[in-house]
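Visitor: What follows is entry_1.csv, made up of CSV, C-alpha atoms:
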```csv
chain,number,residue,atom,x,y,z
A,1,MET,CA,-17.5,14.4,-56.1
A,2,GLN,CA,-13.8,14.4,-56.9
A,3,ARG,CA,-11.6,16.1,-54.4
A,4,VAL,CA,-9.8,19.3,-55.6
A,5,ARG,CA,-6.1,19.3,-54.7
A,6,TYR,CA,-3.5,22.0,-55.0
A,7,TYR,CA,0.3,21.3,-55.3
A,8,TYR,CA,3.2,23.5,-54.1
A,9,LEU,CA,7.0,23.0,-54.4
A,10,ILE,CA,8.7,24.6,-51.4
A,11,LYS,CA,12.5,25.0,-51.0
A,12,VAL,CA,13.9,24.7,-47.5
A,13,GLN,CA,17.1,25.1,-45.6
A,14,TYR,CA,17.9,23.6,-42.2
A,15,LEU,CA,20.8,23.0,-39.7
A,16,GLY,CA,20.7,19.3,-38.9
A,17,TYR,CA,22.9,19.3,-35.8
A,18,ARG,CA,20.1,18.9,-33.3
A,19,LEU,CA,17.7,17.0,-35.6
A,20,HIS,CA,17.2,13.3,-36.3
A,21,GLY,CA,17.1,13.6,-40.0
A,22,TRP,CA,14.3,14.5,-42.4
A,23,GLN,CA,11.7,11.8,-41.9
A,24,LYS,CA,9.1,12.1,-39.2
A,25,GLN,CA,9.7,9.7,-36.3
A,26,PRO,CA,8.0,9.3,-32.9
A,27,ASN,CA,10.0,10.7,-29.9
A,28,PHE,CA,12.6,12.4,-32.2
A,29,LYS,CA,12.9,16.0,-33.5
A,30,THR,CA,13.0,15.8,-37.3
A,31,VAL,CA,12.7,18.3,-40.1
A,32,GLU,CA,9.5,16.8,-41.4
A,33,GLY,CA,8.0,16.6,-38.0
A,34,LEU,CA,8.7,20.3,-37.2
A,35,ILE,CA,7.4,21.4,-40.6
A,36,THR,CA,4.1,19.5,-40.2
A,37,LYS,CA,3.8,20.8,-36.6
A,38,THR,CA,4.2,24.4,-37.9
A,39,LEU,CA,1.7,23.8,-40.7
A,40,ARG,CA,-0.9,22.7,-38.2
A,41,TYR,CA,-0.5,26.0,-36.5
A,42,VAL,CA,-0.4,28.3,-39.6
A,43,MET,CA,-3.2,26.4,-41.5
A,44,PRO,CA,-5.4,24.9,-38.6
A,45,GLU,CA,-8.4,24.3,-40.8
A,46,ALA,CA,-6.6,22.9,-43.9
A,47,ARG,CA,-6.3,19.3,-45.1
A,48,TYR,CA,-2.8,18.8,-46.3
A,49,LYS,CA,0.2,16.4,-46.5
A,50,VAL,CA,3.9,16.8,-47.0
A,51,LEU,CA,6.3,14.8,-49.2
A,52,GLY,CA,10.1,15.4,-49.0
A,53,CYS,CA,12.4,14.7,-51.9
A,54,SER,CA,15.4,13.5,-49.8
A,55,ARG,CA,15.6,11.7,-46.5
A,56,THR,CA,18.8,13.1,-45.0
A,57,ASP,CA,20.3,11.4,-42.0
A,58,ALA,CA,20.5,12.7,-38.4
A,59,MET,CA,22.8,15.8,-38.1
A,60,VAL,CA,23.0,16.3,-41.9
A,61,SER,CA,22.2,19.9,-42.9
A,62,SER,CA,20.7,21.4,-46.1
A,63,ASN,CA,21.2,24.6,-47.9
A,64,GLY,CA,18.6,23.9,-50.6
A,65,SER,CA,16.4,20.9,-50.1
A,66,ALA,CA,12.7,20.8,-51.1
A,67,PHE,CA,9.4,19.2,-50.3
A,68,GLU,CA,6.0,19.1,-51.9
A,69,LEU,CA,2.9,20.4,-50.1
A,70,PHE,CA,-0.5,19.0,-51.1
A,71,VAL,CA,-3.5,21.1,-50.0
A,72,ASP,CA,-7.1,19.9,-50.4
A,73,GLU,CA,-10.1,22.1,-51.3
A,74,GLN,CA,-8.8,25.6,-50.8
A,75,PRO,CA,-5.6,27.0,-52.5
A,76,LEU,CA,-3.1,29.2,-50.6
A,77,GLU,CA,-4.3,32.7,-51.3
A,78,ASN,CA,-1.1,34.7,-51.2
A,79,LEU,CA,2.2,32.7,-51.5
A,80,GLU,CA,4.4,35.5,-50.2
A,81,ASP,CA,2.3,36.0,-47.1
A,82,PHE,CA,2.1,32.3,-46.5
A,83,LEU,CA,6.0,32.0,-46.8
A,84,ALA,CA,6.4,34.9,-44.3
A,85,LEU,CA,3.9,33.4,-41.8
A,86,PHE,CA,5.5,29.9,-42.2
A,87,ASN,CA,9.0,31.3,-41.4
A,88,LEU,CA,7.7,33.3,-38.5
A,89,ASN,CA,6.6,30.1,-36.8
A,90,LEU,CA,9.3,27.7,-37.8
A,91,PRO,CA,12.2,27.1,-35.4
A,92,GLN,CA,15.2,29.2,-36.1
A,93,ASP,CA,17.2,26.3,-37.5
A,94,ILE,CA,14.7,25.8,-40.4
A,95,ARG,CA,13.9,28.3,-43.1
A,96,VAL,CA,11.7,28.1,-46.2
A,97,THR,CA,13.1,30.2,-49.0
A,98,ASP,CA,10.8,29.8,-52.0
A,99,ILE,CA,7.3,28.5,-52.9
A,100,GLU,CA,5.7,27.9,-56.3
A,101,GLU,CA,2.5,26.2,-57.4
A,102,VAL,CA,3.1,23.1,-59.6
A,103,GLY,CA,0.8,20.9,-61.6
A,104,ALA,CA,-0.7,17.6,-60.6
A,105,ASN,CA,1.7,15.8,-62.9
A,106,PHE,CA,4.7,16.9,-60.8
A,107,ASN,CA,6.1,14.2,-58.5
A,108,ILE,CA,8.9,15.4,-56.2
A,109,ILE,CA,10.2,11.8,-55.8
A,110,GLN,CA,10.0,10.7,-59.5
A,111,HIS,CA,10.7,14.0,-61.2
A,112,SER,CA,14.2,14.2,-62.7
A,113,LYS,CA,16.6,16.2,-60.6
A,114,ILE,CA,20.3,16.6,-59.7
A,115,LYS,CA,21.4,16.7,-56.1
A,116,GLU,CA,24.5,18.6,-55.1
A,117,TYR,CA,26.2,17.5,-51.9
A,118,ALA,CA,29.1,19.3,-50.1
A,119,TYR,CA,31.1,17.6,-47.4
A,120,LEU,CA,33.0,20.3,-45.4
A,121,PHE,CA,36.1,19.2,-43.5
A,122,SER,CA,39.5,20.3,-42.1
A,123,PHE,CA,42.4,18.4,-40.7
A,124,GLY,CA,45.4,18.8,-38.3
A,125,SER,CA,44.8,20.9,-35.2
A,126,LYS,CA,41.4,20.8,-33.5
A,127,ASN,CA,38.7,23.3,-34.6
A,128,HIS,CA,36.9,25.9,-32.6
A,129,PRO,CA,33.9,24.2,-31.0
A,130,PHE,CA,31.5,26.5,-33.0
A,131,CYS,CA,32.6,24.6,-36.2
A,132,ALA,CA,31.1,21.4,-35.0
A,133,PRO,CA,27.6,21.7,-36.6
A,134,PHE,CA,29.0,22.4,-40.0
A,135,MET,CA,32.4,20.9,-40.5
A,136,ALA,CA,34.1,17.5,-39.8
A,137,ASN,CA,37.5,17.8,-38.2
A,138,PHE,CA,40.2,15.1,-38.5
A,139,GLN,CA,43.1,15.6,-36.0
A,140,PHE,CA,45.7,13.9,-38.1
A,141,ASP,CA,47.6,14.6,-41.3
A,142,LEU,CA,46.0,13.9,-44.6
A,143,ASP,CA,47.6,13.8,-48.1
A,144,ILE,CA,45.1,16.3,-49.6
A,145,ASP,CA,46.7,16.1,-53.1
A,146,LYS,CA,46.2,12.3,-53.2
A,147,MET,CA,42.6,12.8,-52.0
A,148,LYS,CA,42.0,15.2,-54.8
A,149,LYS,CA,43.2,12.6,-57.3
A,150,GLY,CA,41.0,10.0,-55.6
A,151,ALA,CA,37.9,12.1,-55.8
A,152,GLN,CA,38.3,12.4,-59.6
A,153,LEU,CA,38.0,8.6,-59.8
A,154,PHE,CA,34.4,8.8,-58.8
A,155,ASN,CA,33.4,10.8,-61.9
A,156,GLY,CA,31.4,8.9,-64.4
A,157,THR,CA,29.3,5.8,-64.1
A,158,HIS,CA,30.4,3.1,-61.7
A,159,ASN,CA,29.2,0.3,-59.5
A,160,PHE,CA,28.7,1.7,-55.9
A,161,ARG,CA,27.8,-1.6,-54.2
A,162,ASN,CA,30.8,-1.1,-51.9
A,163,TYR,CA,29.5,2.4,-50.9
A,164,CYS,CA,26.1,1.8,-49.4
A,165,VAL,CA,24.5,0.1,-46.4
A,166,ARG,CA,21.2,-1.9,-45.9
A,167,VAL,CA,20.9,-2.9,-49.5
A,168,SER,CA,17.9,-4.7,-50.9
A,169,GLU,CA,17.3,-6.9,-53.9
A,170,LYS,CA,15.8,-4.0,-55.7
A,171,SER,CA,18.8,-1.7,-55.2
A,172,THR,CA,20.5,-0.4,-58.4
A,173,PHE,CA,24.2,0.0,-57.7
A,174,GLU,CA,25.2,1.5,-61.0
A,175,ARG,CA,25.2,5.3,-60.5
A,176,GLU,CA,26.5,8.2,-62.4
A,177,ILE,CA,28.5,10.9,-60.6
A,178,LEU,CA,28.3,14.1,-62.6
A,179,LYS,CA,30.9,15.9,-60.5
A,180,ALA,CA,33.3,14.8,-57.8
A,181,GLU,CA,36.1,17.0,-56.6
A,182,ILE,CA,37.9,18.1,-53.5
A,183,VAL,CA,38.7,21.8,-53.4
A,184,GLU,CA,39.7,24.4,-50.8
A,185,ASN,CA,36.6,25.7,-49.1
A,186,LYS,CA,35.5,29.2,-50.3
A,187,LEU,CA,31.8,28.5,-50.2
A,188,TYR,CA,31.1,28.6,-46.5
A,189,THR,CA,33.0,31.0,-44.2
A,190,ALA,CA,32.9,32.2,-40.6
A,191,ASN,CA,35.4,34.0,-38.4
A,192,PHE,CA,35.8,30.9,-36.2
A,193,PHE,CA,36.5,28.6,-39.1
A,194,PRO,CA,40.1,27.4,-39.4
A,195,LYS,CA,42.3,29.3,-41.8
A,196,LYS,CA,42.1,26.4,-44.3
A,197,SER,CA,39.3,23.9,-44.9
A,198,TYR,CA,38.1,21.8,-47.8
A,199,ILE,CA,34.9,20.7,-49.6
A,200,PHE,CA,34.2,17.4,-51.2
A,201,HIS,CA,31.7,18.3,-53.9
A,202,ILE,CA,29.5,15.4,-55.2
A,203,HIS,CA,26.8,15.9,-57.8
A,204,GLY,CA,24.5,13.2,-59.2
A,205,LYS,CA,20.9,12.2,-59.9
A,206,GLY,CA,20.6,9.6,-57.2
A,207,PHE,CA,22.5,8.2,-54.3
A,208,LEU,CA,22.4,5.0,-52.3
A,209,ARG,CA,22.0,5.0,-48.5
A,210,HIS,CA,25.1,6.5,-46.8
A,211,GLN,CA,26.8,6.6,-50.2
A,212,VAL,CA,28.2,10.1,-49.9
A,213,ARG,CA,29.5,9.6,-46.3
A,214,LEU,CA,31.2,6.3,-47.3
A,215,MET,CA,32.8,8.0,-50.3
A,216,MET,CA,34.1,10.7,-48.0
A,217,GLY,CA,35.3,8.0,-45.6
A,218,ALA,CA,37.2,6.3,-48.4
A,219,MET,CA,38.9,9.6,-49.2
A,220,ILE,CA,40.0,10.0,-45.5
A,221,GLN,CA,41.4,6.5,-45.6
A,222,LEU,CA,43.1,7.3,-48.8
A,223,GLY,CA,44.6,10.5,-47.3
A,224,ARG,CA,45.9,8.5,-44.3
A,225,GLY,CA,47.6,6.0,-46.6
A,226,GLU,CA,45.3,3.1,-45.7
A,227,PHE,CA,44.1,2.9,-49.3
A,228,SER,CA,45.8,3.4,-52.6
A,229,LEU,CA,44.4,5.1,-55.7
A,230,GLY,CA,44.3,1.6,-57.2
A,231,ASP,CA,42.1,0.4,-54.3
A,232,ILE,CA,39.6,3.1,-55.0
A,233,GLU,CA,39.5,2.2,-58.7
A,234,GLN,CA,38.9,-1.5,-57.9
A,235,SER,CA,36.2,-0.7,-55.3
A,236,LEU,CA,34.1,0.8,-58.1
A,237,LYS,CA,34.1,-2.3,-60.2
A,238,GLU,CA,31.4,-5.0,-60.1
A,239,GLY,CA,32.5,-8.2,-58.5
A,240,ASN,CA,34.7,-6.6,-55.9
A,241,GLU,CA,32.3,-6.9,-52.9
A,242,HIS,CA,35.3,-7.8,-50.7
A,243,LEU,CA,36.2,-4.1,-50.9
A,244,GLN,CA,33.1,-3.0,-48.9
A,245,MET,CA,33.7,0.4,-47.4
A,246,ASP,CA,33.1,0.4,-43.6
A,247,TYR,CA,34.1,3.9,-42.6
A,248,SER,CA,31.2,6.4,-42.8
A,249,ALA,CA,32.4,10.0,-42.3
A,250,PRO,CA,30.7,12.0,-39.6
A,251,ALA,CA,27.2,13.2,-40.6
A,252,SER,CA,27.7,16.8,-39.3
A,253,GLY,CA,30.1,17.6,-42.2
A,254,LEU,CA,27.5,16.8,-44.9
A,255,ILE,CA,25.3,19.4,-46.5
A,256,LEU,CA,22.7,18.8,-49.1
A,257,ASN,CA,23.8,21.9,-50.9
A,258,ASP,CA,21.1,22.2,-53.6
A,259,ILE,CA,18.6,20.3,-55.7
A,260,HIS,CA,17.9,21.2,-59.4
A,261,PHE,CA,14.6,20.0,-61.0
A,262,ASP,CA,14.5,19.5,-64.7
```
Would you mind writing the structure in this file as structure tokens?
Guide:
Amino acid sequence: MQRVRYYYLIKVQYLGYRLHGWQKQPNFKTVEGLITKTLRYVMPEARYKVLGCSRTDAMVSSNGSAFELFVDEQPLENLEDFLALFNLNLPQDIRVTDIEEVGANFNIIQHSKIKEYAYLFSFGSKNHPFCAPFMANFQFDLDIDKMKKGAQLFNGTHNFRNYCVRVSEKSTFEREILKAEIVENKLYTANFFPKKSYIFHIHGKGFLRHQVRLMMGAMIQLGRGEFSLGDIEQSLKEGNEHLQMDYSAPASGLILNDIHFD
């Protein structure tokens, strides 16, 4: 007899500062590991599995990530009650915000989607220590106007071979950036944040390993005068592998801000 399976798309938020990324790993606290541990408690008799849509790095946070929950034999009876029970038992730095049943043809990995990243940063004087989980702080001057111009250069389709690590022969380096800009931060606020901070917004359908943090690192080097705008332009062209970026911005400033499924 063919097994009956039910499929659910769940949106999730988490603070990554104490976590070792999304993917379950032995001897480390991860988002996936804590989610599966909680599911074992709230659905002790169920047969299920979890599939995430984005493997964030250690210390990276999310305001709107998602994962797919596969449940065999018995459907979830009341989705609102399940969401409330799930949140009641999850640790305080993880929260599920929405659940919907999807069809068997939905695949969270292959389904077309747009990812929105936000890199939160400040520069100059040192921040209040409470900022550390959310915002990178650079204690030197940066030419923010030059960085804003540099961010615009990422818009469009480019070769991002110089903005990734641990590449394989199957890697596709040509990627389209739908939005890249540096703006003053009005999105995330707290009374202990510095008076002025900034966000590097990056939107696209797919990203290479460490791509966003290397893009941000290049913007920091641009702001310090170590790169020119011309260097950034050249680094995005095929055949310029000698311009490999080697400064990956700190993970704690990066937020997977949202994911939109088509």
Visitor: Using only C-alpha atoms, find the one residue out of A:Val102, A:Leu9, A:Leu19, A:Ile114 that sits nearest to Gly52 in chain A.
Guide: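 Distance minimum relative to Gly52 in chain A lands on A:Leu9.
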Visitor: Please, what distance in Å, to one decimal, runs between CA of Leu153 in chain A and CA of Tyr188 in chain A?
Guide: 25.0 Å
Visitor: May I ask which of the residues A:Ser54, A:Gln221, A:Asn87, A:Gln74 is the closest one to Tyr6 in chain A, counting all atoms listed in the file?
Guide: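 Nearest candidate to Tyr6 in chain A out of A:Ser54, A:Gln221, A:Asn87, A:Gln74: A:Gln74.
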Visitor: Between A:Gln13, A:Pro194, A:Met219, A:Lys115, which is the closest to Leu178 in chain A once you count all atoms listed in the file?
Guide: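 With all atoms listed in the file as the atom set, the closest residue is A:Lys115.
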Visitor: Would you please work out which residue, of A:Ala84, A:Ala118, A:Ala104, A:Val50, is nearest to Met135 in chain A when using all atoms listed in the file?
Guide: A:Ala118
Visitor: So, counting all atoms listed in the file, which residue among A:Leu39, A:Pro250, A:Glu181, A:Ile10 is closest to Ile108 in chain A?
Guide: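 Between A:Leu39, A:Pro250, A:Glu181, A:Ile10, the residue approaching Ile108 in chain A most closely is A:Ile10.
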Visitor: Ranking A:Asp143, A:Asp57, A:Asp72, A:Asp81 by minimum distance to Arg3 in chain A and counting only C-alpha atoms, which one comes first?
Guide: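 Nearest candidate to Arg3 in chain A out of A:Asp143, A:Asp57, A:Asp72, A:Asp81: A:Asp72.
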Visitor: Using all atoms listed in the file, tabulate the residues of range 54-125 of chain A lying at most 12 Å from any atom of range 206-211 of chain A, each with its closest atom pair and that distance in Å to one decimal, by chain and increasing residue number, as a tab-separated table.
Guide:
```
residue	atom	partner	partner_atom	distance
A:Ser54	CA	A:Gly206	CA	9.8
A:Arg55	CA	A:Arg209	CA	9.5
A:Thr56	CA	A:His210	CA	9.3
A:Asp57	CA	A:His210	CA	8.4
A:Ala58	CA	A:His210	CA	11.4
A:Val60	CA	A:His210	CA	11.2
A:Ile109	CA	A:Gly206	CA	10.7
A:Gln110	CA	A:Gly206	CA	10.9
A:His111	CA	A:Gly206	CA	11.5
A:Ser112	CA	A:Gly206	CA	9.6
A:Lys113	CA	A:Gly206	CA	8.4
A:Ile114	CA	A:Gly206	CA	7.4
A:Lys115	CA	A:Gly206	CA	7.2
A:Glu116	CA	A:Gly206	CA	10.0
A:Tyr117	CA	A:Phe207	CA	10.3
```
Visitor: Rounded to one decimal, what separation in Å do you get between CA of Ser252 in chain A and CA of Thr36 in chain A?
Guide: 23.8 Å
Visitor: What does the distance between CA of Tyr14 in chain A and CA of Asp93 in chain A come to in Å, to one decimal place?
Guide: 5.5 Å
Visitor: What's around Met59 in chain A at 7 Å? Count only C-alpha atoms, leave out sequence neighbours fewer than 6 positions away in its own chain, and write the answer as a PDB file with C-alpha atoms, in the frame of the given file.
Guide:
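Result file selection32.pdb:
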```
ATOM      1  CA  GLY A  16      20.700  19.300 -38.900  1.00  0.00           C
ATOM      2  CA  TYR A  17      22.900  19.300 -35.800  1.00  0.00           C
ATOM      3  CA  ARG A  18      20.100  18.900 -33.300  1.00  0.00           C
ATOM      4  CA  LEU A  19      17.700  17.000 -35.600  1.00  0.00           C
ATOM      5  CA  HIS A  20      17.200  13.300 -36.300  1.00  0.00           C
ATOM      6  CA  GLY A  21      17.100  13.600 -40.000  1.00  0.00           C
ATOM      7  CA  ALA A 251      27.200  13.200 -40.600  1.00  0.00           C
ATOM      8  CA  SER A 252      27.700  16.800 -39.300  1.00  0.00           C
TER       9      SER A 252
END
```
Visitor: Contacts of Tyr48 in chain A at 12 Å or less, counting only C-alpha atoms, minus same-chain residues fewer than 2 places along, as a list in words?
Guide: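 Contacts, with the query itself left out: Val4, Arg5, Tyr6, Tyr7, Tyr8, Ile35, Thr36, Lys37, Leu39, Arg40, Val42, Met43, Pro44, Glu45, Ala46, Val50, Leu51, Glu68, Leu69, Phe70, Val71, Asp72, Glu73, Gln74, Pro75 and Leu76 of chain A.
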Visitor: Quick one: everything within 8 Å of Phe138 in chain A, counting all atoms listed in the file, minus sequence neighbours fewer than 3 positions away in the same chain. Send it as JSON, numbers by chain.
Guide: {"A": [121, 122, 123, 124, 126, 141]}
Visitor: With C-alpha atoms retained, export the selected residues as a PDB file, in the frame of the given file.
Guide:
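Okay, this is what ended up in out.pdb:
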```pdb
ATOM      1  CA  PHE A 121      36.100  19.200 -43.500  1.00  0.00           C
ATOM      2  CA  SER A 122      39.500  20.300 -42.100  1.00  0.00           C
ATOM      3  CA  PHE A 123      42.400  18.400 -40.700  1.00  0.00           C
ATOM      4  CA  GLY A 124      45.400  18.800 -38.300  1.00  0.00           C
ATOM      5  CA  LYS A 126      41.400  20.800 -33.500  1.00  0.00           C
ATOM      6  CA  ASP A 141      47.600  14.600 -41.300  1.00  0.00           C
TER       7      ASP A 141
END
```
Visitor: Name all residues at most 12 Å from Phe193 in chain A (count only C-alpha atoms; drop same-chain ones fewer than 4 positions away) and give them as a list in words.
Guide: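 The contact residues come out as Leu120, Phe121, Ser122, Phe123, Ser125, Lys126, Asn127, His128, Pro129, Phe130, Cys131, Ala132, Pro133, Phe134, Met135, Ala136, Asn137, Asn185, Lys186, Tyr188, Thr189, Ser197 and Tyr198 of chain A.
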Visitor: Using the selection just defined, write its residues with C-alpha atoms as a PDB file, keeping the file's coordinate frame.
Guide:
```pdb
ATOM      1  CA  LEU A 120      33.000  20.300 -45.400  1.00  0.00           C
ATOM      2  CA  PHE A 121      36.100  19.200 -43.500  1.00  0.00           C
ATOM      3  CA  SER A 122      39.500  20.300 -42.100  1.00  0.00           C
ATOM      4  CA  PHE A 123      42.400  18.400 -40.700  1.00  0.00           C
ATOM      5  CA  SER A 125      44.800  20.900 -35.200  1.00  0.00           C
ATOM      6  CA  LYS A 126      41.400  20.800 -33.500  1.00  0.00           C
ATOM      7  CA  ASN A 127      38.700  23.300 -34.600  1.00  0.00           C
ATOM      8  CA  HIS A 128      36.900  25.900 -32.600  1.00  0.00           C
ATOM      9  CA  PRO A 129      33.900  24.200 -31.000  1.00  0.00           C
ATOM     10  CA  PHE A 130      31.500  26.500 -33.000  1.00  0.00           C
ATOM     11  CA  CYS A 131      32.600  24.600 -36.200  1.00  0.00           C
ATOM     12  CA  ALA A 132      31.100  21.400 -35.000  1.00  0.00           C
ATOM     13  CA  PRO A 133      27.600  21.700 -36.600  1.00  0.00           C
ATOM     14  CA  PHE A 134      29.000  22.400 -40.000  1.00  0.00           C
ATOM     15  CA  MET A 135      32.400  20.900 -40.500  1.00  0.00           C
ATOM     16  CA  ALA A 136      34.100  17.500 -39.800  1.00  0.00           C
ATOM     17  CA  ASN A 137      37.500  17.800 -38.200  1.00  0.00           C
ATOM     18  CA  ASN A 185      36.600  25.700 -49.100  1.00  0.00           C
ATOM     19  CA  LYS A 186      35.500  29.200 -50.300  1.00  0.00           C
ATOM     20  CA  TYR A 188      31.100  28.600 -46.500  1.00  0.00           C
ATOM     21  CA  THR A 189      33.000  31.000 -44.200  1.00  0.00           C
ATOM     22  CA  SER A 197      39.300  23.900 -44.900  1.00  0.00           C
ATOM     23  CA  TYR A 198      38.100  21.800 -47.800  1.00  0.00           C
TER      24      TYR A 198
END
```
